[in-house]
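Colleague: This is work.txt, which holds compact mmCIF, C-alpha atoms:
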# COMPACT_ATOMS: atom_id res chain seq x y z
CA MET A 1 -20.86 -17.86 29.93
CA SER A 2 -18.76 -18.87 26.92
CA VAL A 3 -21.87 -20.24 25.23
CA LEU A 4 -23.58 -16.89 25.75
CA LEU A 5 -20.55 -15.04 24.36
CA GLY A 6 -20.43 -17.36 21.36
CA LEU A 7 -24.12 -16.74 20.73
CA PHE A 8 -23.52 -12.98 21.03
CA SER A 9 -20.70 -13.19 18.45
CA LEU A 10 -22.84 -15.24 16.12
CA VAL A 11 -25.79 -12.83 16.29
CA ALA A 12 -23.64 -9.69 15.93
CA ILE A 13 -21.52 -10.99 13.05
CA GLY A 14 -24.65 -12.39 11.36
CA ALA A 15 -26.33 -8.99 11.64
CA GLY A 16 -23.15 -7.35 10.28
CA VAL A 17 -23.12 -9.68 7.28
CA PHE A 18 -26.80 -8.87 6.70
CA PHE A 19 -25.96 -5.16 6.46
CA PHE A 20 -23.07 -5.86 4.06
CA VAL A 21 -25.38 -7.91 1.83
CA ALA A 22 -28.07 -5.21 2.01
CA GLY A 23 -25.49 -2.54 1.11
CA THR A 24 -24.23 -4.61 -1.82
CA LEU A 25 -27.79 -5.16 -3.09
CA ALA A 26 -28.41 -1.41 -2.85
CA LEU A 27 -25.18 -0.73 -4.74
CA LEU A 28 -26.37 -2.97 -7.54
CA ARG A 29 -30.06 -1.99 -7.57
CA PHE A 30 -30.37 1.71 -6.62
CA PRO A 31 -30.98 4.04 -9.56
CA ASP A 32 -28.54 6.95 -9.05
CA SER A 33 -25.08 7.50 -7.64
CA LEU A 34 -26.13 9.56 -4.61
CA SER A 35 -28.59 6.98 -3.28
CA ARG A 36 -26.08 4.18 -3.91
CA LEU A 37 -23.53 6.18 -1.95
CA HIS A 38 -26.03 6.78 0.85
CA ALA A 39 -26.89 3.09 1.15
CA LEU A 40 -23.29 1.97 0.95
CA THR A 41 -21.88 4.25 3.64
CA LYS A 42 -24.69 3.49 6.10
CA ALA A 43 -24.66 -0.24 5.54
CA ASP A 44 -20.91 -0.72 5.52
CA ASN A 45 -20.26 1.36 8.63
CA LEU A 46 -22.98 -0.46 10.55
CA GLY A 47 -22.01 -3.82 9.02
CA LEU A 48 -18.34 -3.50 9.93
CA GLY A 49 -19.27 -2.12 13.37
CA LEU A 50 -21.43 -5.18 14.11
CA VAL A 51 -18.76 -7.60 12.83
CA VAL A 52 -16.17 -5.89 15.06
CA LEU A 53 -18.62 -6.01 17.99
CA GLY A 54 -19.08 -9.73 17.42
CA LEU A 55 -15.31 -10.30 17.25
CA LEU A 56 -14.57 -8.40 20.48
CA PRO A 57 -15.26 -11.35 22.85
CA ARG A 58 -12.98 -13.52 20.67
CA ALA A 59 -10.12 -10.98 20.52
CA GLY A 60 -7.99 -12.79 23.11
CA SER A 61 -6.50 -9.72 24.78
CA PRO A 62 -7.74 -6.21 25.63
CA LEU A 63 -5.06 -4.77 23.30
CA ALA A 64 -6.31 -6.85 20.36
CA ALA A 65 -9.87 -5.74 21.13
CA LEU A 66 -8.73 -2.12 21.21
CA LYS A 67 -7.03 -2.57 17.81
CA LEU A 68 -10.31 -3.89 16.36
CA ILE A 69 -12.16 -0.82 17.64
CA VAL A 70 -9.47 1.53 16.27
CA LEU A 71 -9.74 -0.28 12.92
CA TRP A 72 -13.48 0.35 12.83
CA ALA A 73 -13.00 4.01 13.80
CA ILE A 74 -10.43 4.56 11.02
CA VAL A 75 -12.69 2.94 8.44
CA GLN A 76 -15.55 5.17 9.67
CA LEU A 77 -13.37 8.23 9.23
CA SER A 78 -12.14 7.34 5.76
CA SER A 79 -15.47 6.08 4.41
CA ALA A 80 -17.29 9.19 5.67
CA THR A 81 -14.64 11.39 4.00
CA VAL A 82 -14.70 9.45 0.74
CA ALA A 83 -18.50 9.67 0.69
CA GLN A 84 -18.22 13.47 1.09
CA LEU A 85 -15.64 13.66 -1.71
CA ILE A 86 -17.67 11.53 -4.12
CA GLY A 87 -20.83 13.45 -3.22
CA GLY A 88 -19.04 16.76 -3.90
CA ALA A 89 -17.71 15.49 -7.22
CA LEU A 90 -21.23 14.37 -8.25
CA ARG A 91 -22.69 17.78 -7.36
CA ARG A 92 -20.04 19.57 -9.42
CA GLN A 93 -20.74 17.20 -12.30
CA ASP A 94 -24.48 17.94 -12.09
CA ALA A 95 -23.83 21.68 -11.96
CA ALA A 96 -21.63 21.44 -15.06
CA GLU A 97 -24.30 19.64 -17.10
CA MET B 98 -12.97 -23.03 3.65
CA ILE B 99 -12.34 -24.67 0.25
CA LEU B 100 -15.51 -22.96 -1.02
CA PHE B 101 -14.20 -19.60 0.19
CA ASP B 102 -10.82 -20.19 -1.52
CA LEU B 103 -12.48 -21.24 -4.77
CA GLY B 104 -14.74 -18.18 -4.67
CA LEU B 105 -11.73 -15.99 -3.97
CA ALA B 106 -9.79 -17.44 -6.90
CA VAL B 107 -12.75 -16.96 -9.26
CA LEU B 108 -13.18 -13.39 -8.00
CA VAL B 109 -9.46 -12.56 -8.50
CA LEU B 110 -9.52 -13.92 -12.06
CA GLY B 111 -12.80 -12.14 -12.79
CA VAL B 112 -11.53 -8.77 -11.56
CA ALA B 113 -8.28 -9.29 -13.51
CA ALA B 114 -10.24 -10.00 -16.72
CA TRP B 115 -12.47 -6.99 -16.08
CA THR B 116 -9.41 -4.77 -15.57
CA ILE B 117 -7.92 -5.87 -18.89
CA ALA B 118 -11.23 -5.41 -20.72
CA ALA B 119 -12.02 -1.99 -19.18
CA ARG B 120 -12.31 0.68 -21.86
CA GLU B 121 -11.58 3.74 -19.73
CA MET B 122 -8.19 4.18 -18.12
CA PHE B 123 -9.68 5.23 -14.78
CA SER B 124 -11.94 2.14 -14.60
CA ALA B 125 -8.91 -0.04 -15.32
CA VAL B 126 -7.01 1.61 -12.46
CA VAL B 127 -9.95 1.06 -10.07
CA GLY B 128 -10.08 -2.58 -11.21
CA TYR B 129 -6.35 -2.93 -10.60
CA VAL B 130 -6.65 -1.57 -7.03
CA ALA B 131 -9.53 -3.97 -6.28
CA TYR B 132 -7.45 -6.79 -7.78
CA GLY B 133 -4.53 -5.89 -5.46
CA LEU B 134 -6.76 -5.93 -2.37
CA LEU B 135 -8.19 -9.33 -3.34
CA LEU B 136 -4.65 -10.59 -3.89
CA ALA B 137 -3.78 -9.44 -0.36
CA ILE B 138 -6.58 -11.70 0.94
CA VAL B 139 -5.13 -14.54 -1.14
CA TRP B 140 -1.75 -14.02 0.58
CA VAL B 141 -3.48 -14.13 3.98
CA ARG B 142 -5.07 -17.46 2.98
CA LEU B 143 -1.56 -18.70 2.02
CA TYR B 144 -0.38 -17.85 5.57
CA ALA B 145 1.86 -15.03 4.28
CA PRO B 146 0.65 -11.98 6.23
CA ASP B 147 3.90 -10.06 5.54
CA VAL B 148 3.37 -10.35 1.80
CA ALA B 149 -0.32 -9.51 2.24
CA LEU B 150 0.56 -6.26 4.02
CA THR B 151 3.05 -5.33 1.30
CA GLU B 152 0.60 -6.18 -1.47
CA ALA B 153 -2.14 -4.06 0.13
CA ALA B 154 0.17 -1.10 0.88
CA ILE B 155 2.46 -1.06 -2.18
CA GLY B 156 0.84 -3.23 -4.85
CA SER B 157 -2.61 -1.81 -4.38
CA GLY B 158 -2.28 1.48 -2.48
CA VAL B 159 0.84 3.27 -3.68
CA THR B 160 0.76 1.79 -7.19
CA GLY B 161 -2.91 2.71 -7.40
CA VAL B 162 -2.14 6.36 -6.62
CA LEU B 163 0.77 6.28 -9.10
CA LEU B 164 -1.53 4.96 -11.83
CA VAL B 165 -4.30 7.48 -11.07
CA VAL B 166 -1.81 10.36 -11.26
CA ALA B 167 -0.23 8.92 -14.41
CA SER B 168 -3.58 8.47 -16.18
CA LYS B 169 -4.57 12.03 -15.26
CA ARG B 170 -1.31 13.38 -16.73
CA LEU B 171 -1.65 11.23 -19.85
CA SER B 172 -5.16 12.58 -20.48
CA LEU B 173 -3.75 16.13 -20.41
CA LEU B 174 -1.38 15.35 -23.29
CA PRO B 175 -2.52 16.62 -26.74
CA GLN B 176 -2.45 13.18 -28.42
CA ALA B 177 -4.39 11.51 -25.59
CA ASP B 178 -7.20 10.57 -28.00
CA ALA B 179 -4.98 8.40 -30.17
CA PRO B 180 -5.39 4.86 -28.74
CA PRO B 181 -2.47 2.43 -28.85
CA GLY B 182 -2.29 0.63 -32.19
CA ARG B 183 -3.48 -2.91 -32.80
CA GLY B 184 0.07 -4.21 -33.20
CA LEU B 185 1.19 -2.74 -29.88
CA LYS B 186 -1.83 -4.24 -28.11
CA ARG B 187 -1.15 -7.66 -29.63
CA ALA B 188 2.53 -7.50 -28.67
CA ALA B 189 1.65 -6.54 -25.06
CA ALA B 190 -0.92 -9.36 -24.88
CA ALA B 191 1.56 -11.89 -26.27
CA LEU B 192 4.24 -10.83 -23.80
CA SER B 193 1.80 -11.06 -20.86
CA VAL B 194 0.58 -14.50 -21.94
CA LEU B 195 4.19 -15.65 -22.29
CA VAL B 196 5.19 -14.43 -18.80
CA ALA B 197 2.04 -15.90 -17.21
CA GLY B 198 2.59 -19.18 -19.09
CA VAL B 199 6.23 -19.53 -18.00
CA LEU B 200 5.30 -18.73 -14.38
CA ALA B 201 2.42 -21.23 -14.42
CA ALA B 202 4.66 -23.91 -15.95
CA ALA B 203 7.34 -23.26 -13.32
CA VAL B 204 4.83 -23.58 -10.47
CA LEU B 205 3.15 -26.67 -11.94
CA THR B 206 6.41 -28.55 -12.54
CA LEU B 207 7.62 -28.09 -8.95
CA PRO B 208 8.25 -31.43 -7.24
CA ASP B 209 5.91 -32.40 -4.42
CA PRO B 210 6.77 -31.42 -1.70
CA ALA B 211 8.25 -28.25 -3.18
CA PRO B 212 11.87 -27.49 -2.24
CA SER B 213 11.95 -25.20 0.79
CA LEU B 214 14.55 -23.44 2.87
CA ALA B 215 11.94 -22.63 5.50
CA PRO B 216 13.19 -25.19 8.08
CA GLU B 217 16.76 -23.84 7.82
CA ALA B 218 15.54 -20.24 8.02
CA ASP B 219 13.57 -21.14 11.13
CA ARG B 220 16.46 -23.05 12.73
CA GLU B 221 18.90 -20.12 12.52
CA LEU B 222 16.29 -17.58 13.62
CA ALA B 223 17.56 -17.48 17.21
CA ALA B 224 21.01 -16.31 16.04
CA THR B 225 19.48 -13.14 14.57
CA GLY B 226 17.56 -12.29 17.74
CA LEU B 227 14.43 -11.80 15.58
CA GLY B 228 11.08 -13.51 15.94
CA ASN B 229 9.85 -12.97 12.38
CA ALA B 230 11.56 -15.28 9.86
CA VAL B 231 10.55 -13.04 6.94
CA THR B 232 12.43 -10.08 8.42
CA ALA B 233 15.40 -12.38 9.10
CA VAL B 234 15.44 -13.48 5.44
CA LEU B 235 15.20 -9.88 4.21
CA ILE B 236 17.71 -8.15 6.49
CA ALA B 237 20.00 -11.00 7.59
CA TYR B 238 20.12 -14.08 5.30
CA ARG B 239 19.90 -12.20 2.00
CA SER B 240 20.63 -8.68 3.17
CA PHE B 241 22.70 -7.85 0.08
CA ASP B 242 19.64 -8.33 -2.19
CA THR B 243 17.53 -6.14 0.07
CA MET B 244 20.20 -3.42 0.03
CA LEU B 245 20.23 -3.50 -3.78
CA GLU B 246 16.43 -3.29 -3.85
CA LYS B 247 16.65 -0.05 -1.88
CA VAL B 248 19.26 1.26 -4.35
CA VAL B 249 16.78 0.49 -7.15
CA LEU B 250 14.22 2.71 -5.41
CA VAL B 251 16.70 5.60 -5.36
CA LEU B 252 17.48 4.97 -9.05
CA ALA B 253 13.74 5.11 -9.80
CA VAL B 254 13.55 8.59 -8.25
CA VAL B 255 16.63 9.66 -10.24
CA GLY B 256 14.91 8.34 -13.37
CA VAL B 257 11.75 10.36 -12.66
CA TRP B 258 13.76 13.50 -11.95
CA SER B 259 15.85 13.07 -15.09
CA VAL B 260 12.87 13.85 -17.34
CA ALA B 261 12.57 17.34 -15.80
CA PRO B 262 13.17 20.26 -18.19
CA ASP B 263 16.49 22.01 -17.50
CA ARG B 264 14.85 25.27 -16.46
CA PHE B 265 12.98 23.58 -13.58
CA TRP B 266 15.95 21.56 -12.30
CA GLY B 267 16.14 21.88 -8.52
CA GLY B 268 12.54 23.15 -8.36
CA ARG B 269 9.35 21.59 -7.02
CA PRO B 270 7.13 18.89 -8.54
CA ALA B 271 3.57 19.97 -9.39
CA PRO B 272 1.15 20.05 -6.44
CA LEU B 273 -0.69 16.78 -5.83
CA GLY B 274 -4.08 18.39 -5.22
CA PRO B 275 -6.35 21.09 -6.69
CA PRO B 276 -5.73 24.73 -5.61
CA ARG B 277 -8.68 24.63 -3.19
CA PRO B 278 -9.04 21.04 -1.94
CA ASP B 279 -12.31 19.76 -0.51
CA ALA B 280 -12.74 20.63 3.19
CA ALA B 281 -13.46 16.96 3.94
CA LEU B 282 -10.10 15.95 2.47
CA VAL B 283 -8.27 18.58 4.52
CA PHE B 284 -10.05 17.31 7.63
CA LEU B 285 -9.10 13.71 6.83
CA ALA B 286 -5.46 14.66 6.27
CA ARG B 287 -5.33 16.54 9.59
CA VAL B 288 -6.95 13.72 11.60
CA LEU B 289 -5.52 10.69 9.82
CA ALA B 290 -1.88 11.74 9.38
CA PRO B 291 -0.91 11.63 13.10
CA ILE B 292 -2.70 8.27 13.54
CA GLY B 293 -1.06 6.91 10.39
CA ILE B 294 2.40 7.96 11.53
CA VAL B 295 1.94 6.05 14.80
CA ILE B 296 0.65 2.98 12.91
CA GLY B 297 3.51 3.15 10.36
CA VAL B 298 6.21 3.34 13.03
CA GLN B 299 4.52 0.58 15.01
CA MET B 300 4.36 -1.66 11.92
CA PHE B 301 8.11 -1.22 11.39
CA TRP B 302 8.86 -1.84 15.08
CA VAL B 303 6.79 -5.03 15.49
CA GLY B 304 8.20 -6.30 12.18
CA ALA B 305 11.14 -7.77 14.11
CA ASP B 306 8.88 -10.33 15.77
CA GLU B 307 5.50 -10.24 14.01
CA PRO B 308 4.15 -9.58 10.50
CA GLY B 309 5.23 -6.11 9.42
CA GLY B 310 8.55 -4.46 8.71
CA ALA B 311 10.35 -1.55 7.13
CA PHE B 312 8.64 -1.71 3.74
CA GLN B 313 5.08 -1.90 5.08
CA GLY B 314 5.68 0.75 7.74
CA GLY B 315 7.47 3.03 5.26
CA ALA B 316 4.60 2.66 2.78
CA ILE B 317 2.07 3.80 5.40
CA LEU B 318 4.23 6.82 6.28
CA ALA B 319 4.52 7.56 2.54
CA ALA B 320 0.72 7.39 2.20
CA MET B 321 0.37 9.92 5.02
CA ALA B 322 2.83 12.26 3.28
CA MET B 323 0.81 11.93 0.06
CA ILE B 324 -2.55 12.65 1.68
CA VAL B 325 -1.12 15.73 3.43
CA MET B 326 0.22 16.94 0.05
CA MET B 327 -3.11 16.19 -1.68
CA ALA B 328 -4.90 18.33 0.93
CA ARG B 329 -2.32 21.06 0.15
CA LEU B 330 -1.30 21.28 3.81
CA THR B 331 2.26 21.04 2.50
CA GLU B 332 3.85 21.17 -0.95
CA PRO B 333 6.16 18.64 -2.62
CA PRO B 334 9.71 19.59 -1.56
CA ARG B 335 12.31 21.25 -3.79
CA ILE B 336 14.41 18.45 -5.23
CA ASP B 337 17.69 20.27 -4.57
CA SER B 338 17.02 20.21 -0.80
CA GLY B 339 20.02 18.66 0.94
CA ARG B 340 17.90 17.18 3.74
CA LEU B 341 15.57 15.56 1.21
CA ARG B 342 18.42 13.92 -0.67
CA LEU B 343 20.00 12.76 2.59
CA ALA B 344 16.71 11.11 3.63
CA LEU B 345 16.45 9.54 0.17
CA ILE B 346 19.79 7.73 0.36
CA ALA B 347 19.92 7.19 4.16
CA GLY B 348 18.49 3.64 3.98
CA PRO B 349 20.79 2.08 1.37
CA ALA B 350 23.78 4.13 2.62
CA VAL B 351 23.49 2.98 6.24
CA PHE B 352 22.84 -0.57 5.01
CA LEU B 353 25.97 -0.45 2.84
CA VAL B 354 28.14 1.01 5.61
CA VAL B 355 27.05 -1.65 8.12
CA GLY B 356 27.54 -4.33 5.44
CA LEU B 357 31.05 -3.11 4.61
CA ALA B 358 31.91 -2.99 8.32
CA GLY B 359 30.96 -6.69 8.45
CA PRO B 360 34.51 -8.01 7.83
CA LEU B 361 35.79 -5.98 10.80
CA MET B 362 32.93 -6.83 13.16
CA ALA B 363 31.96 -10.37 12.20
CA GLY B 364 34.51 -11.67 9.66
CA SER B 365 32.47 -11.40 6.46
CA PHE B 366 30.62 -8.89 4.28
CA PHE B 367 27.04 -8.19 5.37
CA ALA B 368 27.51 -10.30 8.48
CA TYR B 369 26.41 -9.13 11.91
CA PRO B 370 28.44 -9.74 15.09
CA ALA B 371 26.92 -12.51 17.20
CA GLY B 372 24.58 -11.26 19.90
CA PHE B 373 24.39 -7.79 18.37
CA ALA B 374 22.41 -8.65 15.23
CA LYS B 375 18.97 -7.45 16.30
CA PRO B 376 19.96 -3.89 17.33
CA LEU B 377 21.93 -3.51 14.07
CA ILE B 378 19.02 -4.85 12.01
CA LEU B 379 16.59 -2.42 13.66
CA PHE B 380 19.10 0.41 13.15
CA ILE B 381 19.31 -0.33 9.40
CA GLU B 382 15.55 -0.78 9.14
CA GLY B 383 14.91 2.58 10.81
CA PHE B 384 16.82 4.40 8.06
CA MET B 385 15.16 2.22 5.42
CA VAL B 386 11.73 3.29 6.70
CA LEU B 387 12.81 6.91 6.30
CA SER B 388 14.07 6.37 2.75
CA ILE B 389 10.97 4.44 1.67
CA ALA B 390 8.66 7.06 3.23
CA VAL B 391 10.47 9.75 1.20
CA THR B 392 10.92 7.79 -2.04
CA LEU B 393 7.32 6.74 -2.69
CA PRO B 394 5.75 10.25 -2.45
CA LEU B 395 8.53 11.59 -4.69
CA LEU B 396 7.71 8.93 -7.31
CA VAL B 397 4.04 9.96 -7.18
CA ALA B 398 4.85 13.69 -7.26
CA GLY B 399 6.85 13.28 -10.47
CA PRO B 400 9.59 15.46 -11.94
CA PRO B 401 9.96 19.11 -10.87
CA SER B 402 7.71 21.31 -13.02
CA ARG B 403 8.15 24.77 -11.50
CA LYS B 404 10.93 26.83 -10.04
CA GLY B 405 9.43 27.06 -6.52
CA GLU B 406 10.33 29.81 -4.08
CA GLU B 407 13.63 29.56 -2.25
Turn this file's structure into structure tokens for me.

Modeller:
Amino acid sequence: MSVLLGLFSLVAIGAGVFFFVAGTLALLRFPDSLSRLHALTKADNLGLGLVVLGLLPRAGSPLAALKLIVLWAIVQLSSATVAQLIGGALRRQDAAE
Amino acid sequence: MILFDLGLAVLVLGVAAWTIAAREMFSAVVGYVAYGLLLAIVWVRLYAPDVALTEAAIGSGVTGVLLVVASKRLSLLPQADAPPGRGLKRAAAALSVLVAGVLAAAVLTLPDPAPSLAPEADRELAATGLGNAVTAVLIAYRSFDTMLEKVVLVLAVVGVWSVAPDRFWGGRPAPLGPPRPDAALVFLARVLAPIGIVIGVQMFWVGADEPGGAFQGGAILAAMAMIVMMARLTEPPRIDSGRLRLALIAGPAVFLVVGLAGPLMAGSFFAYPAGFAKPLILFIEGFMVLSIAVTLPLLVAGPPSRKGEE
């Protein structure tokens, strides 16, 4: 059972890291701010979610696991809001030009 | 792990260099915030989670907001285009190099193993009733220093207020956000503030036994106050409000009163009676959280700049 859980952690965290790397590549390579923003929010939310998922079996206690999930939810909330704010600022900038 | 630490060190130095070299003020501020977050990870690697929390909350978060607001205000000044002169830049660089050099020399000349009071601090921990040695150092072993640090915070607010024009004295600082803030920001402030308040209070409460404490918890509460003001859900308070000023000095005042009562209760200044240390420490810390949560937003809000309605 513990081997299976370890394998699960490994796969989930590995997949999470993959999304972080993909998001970073997109941040460096994509041509304009809006597509960079799009790539970054998707990849980081999914990346962090998968890392948290992989850490859940290793959390030690249900409370610690709950804290990890709350952490992910708060990051979701703030990154979605920041993406909206940056997107709005970009649109205003475009309209001004 | 050594590879990770090396990479981290290179990254910290790289971001620091980038921050210094940045041409625009805003880029430099962003670099500084990133630098603070990386430094927080360094503290975690040094097994100092309490310092890491403070670095992330104060060094990176609150200072970052302060710098953003300051750079925005500087750019509104008429002479904003005039860059600092070459001489000033050289003097600042020389001073920074000197400070960094002295610090590096001090660290490098430490004997091996470095002198440490950690075993003593750990040995006496039971007498304080606390489980977190960092909190014991701050509020018990060297409580006088911590009390003075809180007084410094109050003095900083007095300093900010003292640059207010006479006609606005007692009024409100300028609003932190635009007249019509983005709907997404208002939503975030409404959803995040209650969660943040719970997390801030919890961080103060667990600080007795685990990483956390009054400063970290107070900084999170302060951040919630700032985001609510940025979303214009509330305005910066009038600075002549009696309740505001009471909250501002509550932390150092309660600390000082308990410290002065020390000779009566425990035979010496800033001593706690045996067996009753932990409740007293938490009592002091509770008021310190309040003062810190009020002080930091006031520093960001700046001096009063309008009369404000009664």

Colleague: So, counting all atoms listed in the file, which residue among B:Gly315, B:Gly304, B:Gly356, B:Pro278 is closest to chain A?

Modeller: B:Pro278

Colleague: Separation of CA of Gly23 (chain A) and CA of Leu48 (chain A), in Å?

Modeller: 11.4 Å

Colleague: As a list in words, could you give me every residue of chain A near chain B (at most 10 Å apart, counting all atoms listed in the file)?

Modeller: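 Contact residues on the first chain: Val70, Ile74, Leu77, Ser78, Ala80, Thr81, Val82, Ala83, Gln84, Leu85, Gly88 and Ala89 of chain A.
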
Colleague: I need the chosen residues saved as a PDB file, in the frame of the given file, with C-alpha atoms.

Modeller:
ATOM      1  CA  VAL A  70      -9.470   1.530  16.270  1.00  0.00           C
ATOM      2  CA  ILE A  74     -10.430   4.560  11.020  1.00  0.00           C
ATOM      3  CA  LEU A  77     -13.370   8.230   9.230  1.00  0.00           C
ATOM      4  CA  SER A  78     -12.140   7.340   5.760  1.00  0.00           C
ATOM      5  CA  ALA A  80     -17.290   9.190   5.670  1.00  0.00           C
ATOM      6  CA  THR A  81     -14.640  11.390   4.000  1.00  0.00           C
ATOM      7  CA  VAL A  82     -14.700   9.450   0.740  1.00  0.00           C
ATOM      8  CA  ALA A  83     -18.500   9.670   0.690  1.00  0.00           C
ATOM      9  CA  GLN A  84     -18.220  13.470   1.090  1.00  0.00           C
ATOM     10  CA  LEU A  85     -15.640  13.660  -1.710  1.00  0.00           C
ATOM     11  CA  GLY A  88     -19.040  16.760  -3.900  1.00  0.00           C
ATOM     12  CA  ALA A  89     -17.710  15.490  -7.220  1.00  0.00           C
TER      13      ALA A  89
END

Colleague: If you count all atoms listed in the file, which residues fall within 12 Å of Trp258 (chain B), apart from same-chain ones fewer than 3 positions away, as a ChimeraX atom specification?

Modeller: /B:251-255,261-263,265-270,335-337,392,395-402

Colleague: Please dump the current selection as a short mmCIF file (atom, residue, chain, number, x, y, z; two decimals), in the coordinates of the input; keep C-alpha atoms.

Modeller:
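Writing the result to out_8.cif gives the following:
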data_model
loop_
_atom_site.label_atom_id
_atom_site.label_comp_id
_atom_site.auth_asym_id
_atom_site.auth_seq_id
_atom_site.Cartn_x
_atom_site.Cartn_y
_atom_site.Cartn_z
CA VAL B 251 16.70 5.60 -5.36
CA LEU B 252 17.48 4.97 -9.05
CA ALA B 253 13.74 5.11 -9.80
CA VAL B 254 13.55 8.59 -8.25
CA VAL B 255 16.63 9.66 -10.24
CA ALA B 261 12.57 17.34 -15.80
CA PRO B 262 13.17 20.26 -18.19
CA ASP B 263 16.49 22.01 -17.50
CA PHE B 265 12.98 23.58 -13.58
CA TRP B 266 15.95 21.56 -12.30
CA GLY B 267 16.14 21.88 -8.52
CA GLY B 268 12.54 23.15 -8.36
CA ARG B 269 9.35 21.59 -7.02
CA PRO B 270 7.13 18.89 -8.54
CA ARG B 335 12.31 21.25 -3.79
CA ILE B 336 14.41 18.45 -5.23
CA ASP B 337 17.69 20.27 -4.57
CA THR B 392 10.92 7.79 -2.04
CA LEU B 395 8.53 11.59 -4.69
CA LEU B 396 7.71 8.93 -7.31
CA VAL B 397 4.04 9.96 -7.18
CA ALA B 398 4.85 13.69 -7.26
CA GLY B 399 6.85 13.28 -10.47
CA PRO B 400 9.59 15.46 -11.94
CA PRO B 401 9.96 19.11 -10.87
CA SER B 402 7.71 21.31 -13.02
#

Colleague: Could you list, as a list of chain:residue names, every residue within 8 Å of Val51 (chain A), counting all atoms listed in the file and ignoring same-chain residues fewer than 4 positions away?

Modeller: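 Residues near the query, excluding close chain neighbours: A:Ala12, A:Ile13, A:Gly14, A:Ala15, A:Gly16, A:Val17, A:Gly47, A:Leu55.
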
Colleague: Please write a file for region 16-61 of chain A, taken from the block I just shared, that holds C-alpha atoms and is laid out as a tab-separated table (two decimals), in the first residue's frame.

Modeller:
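Contents of the output file out12.tsv:
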chain	number	residue	atom	x	y	z
A	16	GLY	CA	3.04	19.10	-11.32
A	17	VAL	CA	6.68	19.94	-11.96
A	18	PHE	CA	6.10	19.31	-15.67
A	19	PHE	CA	3.33	21.92	-15.70
A	20	PHE	CA	5.53	24.43	-13.83
A	21	VAL	CA	8.32	23.92	-16.36
A	22	ALA	CA	5.85	24.22	-19.26
A	23	GLY	CA	4.43	27.43	-17.73
A	24	THR	CA	7.92	28.87	-17.29
A	25	LEU	CA	8.85	28.01	-20.89
A	26	ALA	CA	5.65	29.72	-22.06
A	27	LEU	CA	6.47	32.77	-19.95
A	28	LEU	CA	9.83	33.02	-21.65
A	29	ARG	CA	8.78	32.10	-25.21
A	30	PHE	CA	5.23	33.39	-25.83
A	31	PRO	CA	5.06	36.57	-27.91
A	32	ASP	CA	2.61	38.85	-26.05
A	33	SER	CA	1.59	39.55	-22.48
A	34	LEU	CA	-1.94	38.12	-22.70
A	35	SER	CA	-0.84	34.70	-23.97
A	36	ARG	CA	1.97	34.60	-21.39
A	37	LEU	CA	-0.61	35.36	-18.72
A	38	HIS	CA	-2.94	32.68	-20.07
A	39	ALA	CA	-0.21	30.03	-20.05
A	40	LEU	CA	1.08	31.00	-16.64
A	41	THR	CA	-2.25	30.94	-14.79
A	42	LYS	CA	-3.30	27.61	-16.29
A	43	ALA	CA	0.02	25.90	-15.78
A	44	ASP	CA	0.71	27.18	-12.28
A	45	ASN	CA	-2.76	26.39	-10.93
A	46	LEU	CA	-2.64	22.87	-12.35
A	47	GLY	CA	1.04	22.46	-11.41
A	48	LEU	CA	0.51	23.49	-7.79
A	49	GLY	CA	-2.70	21.42	-7.63
A	50	LEU	CA	-0.85	18.29	-8.75
A	51	VAL	CA	2.06	18.91	-6.34
A	52	VAL	CA	-0.45	19.34	-3.47
A	53	LEU	CA	-2.27	16.18	-4.59
A	54	GLY	CA	1.03	14.29	-4.53
A	55	LEU	CA	1.86	15.63	-1.05
A	56	LEU	CA	-1.52	14.69	0.46
A	57	PRO	CA	-0.60	11.04	1.26
A	58	ARG	CA	2.60	12.31	2.93
A	59	ALA	CA	0.86	15.02	5.01
A	60	GLY	CA	0.94	13.00	8.24
A	61	SER	CA	-2.40	14.16	9.64
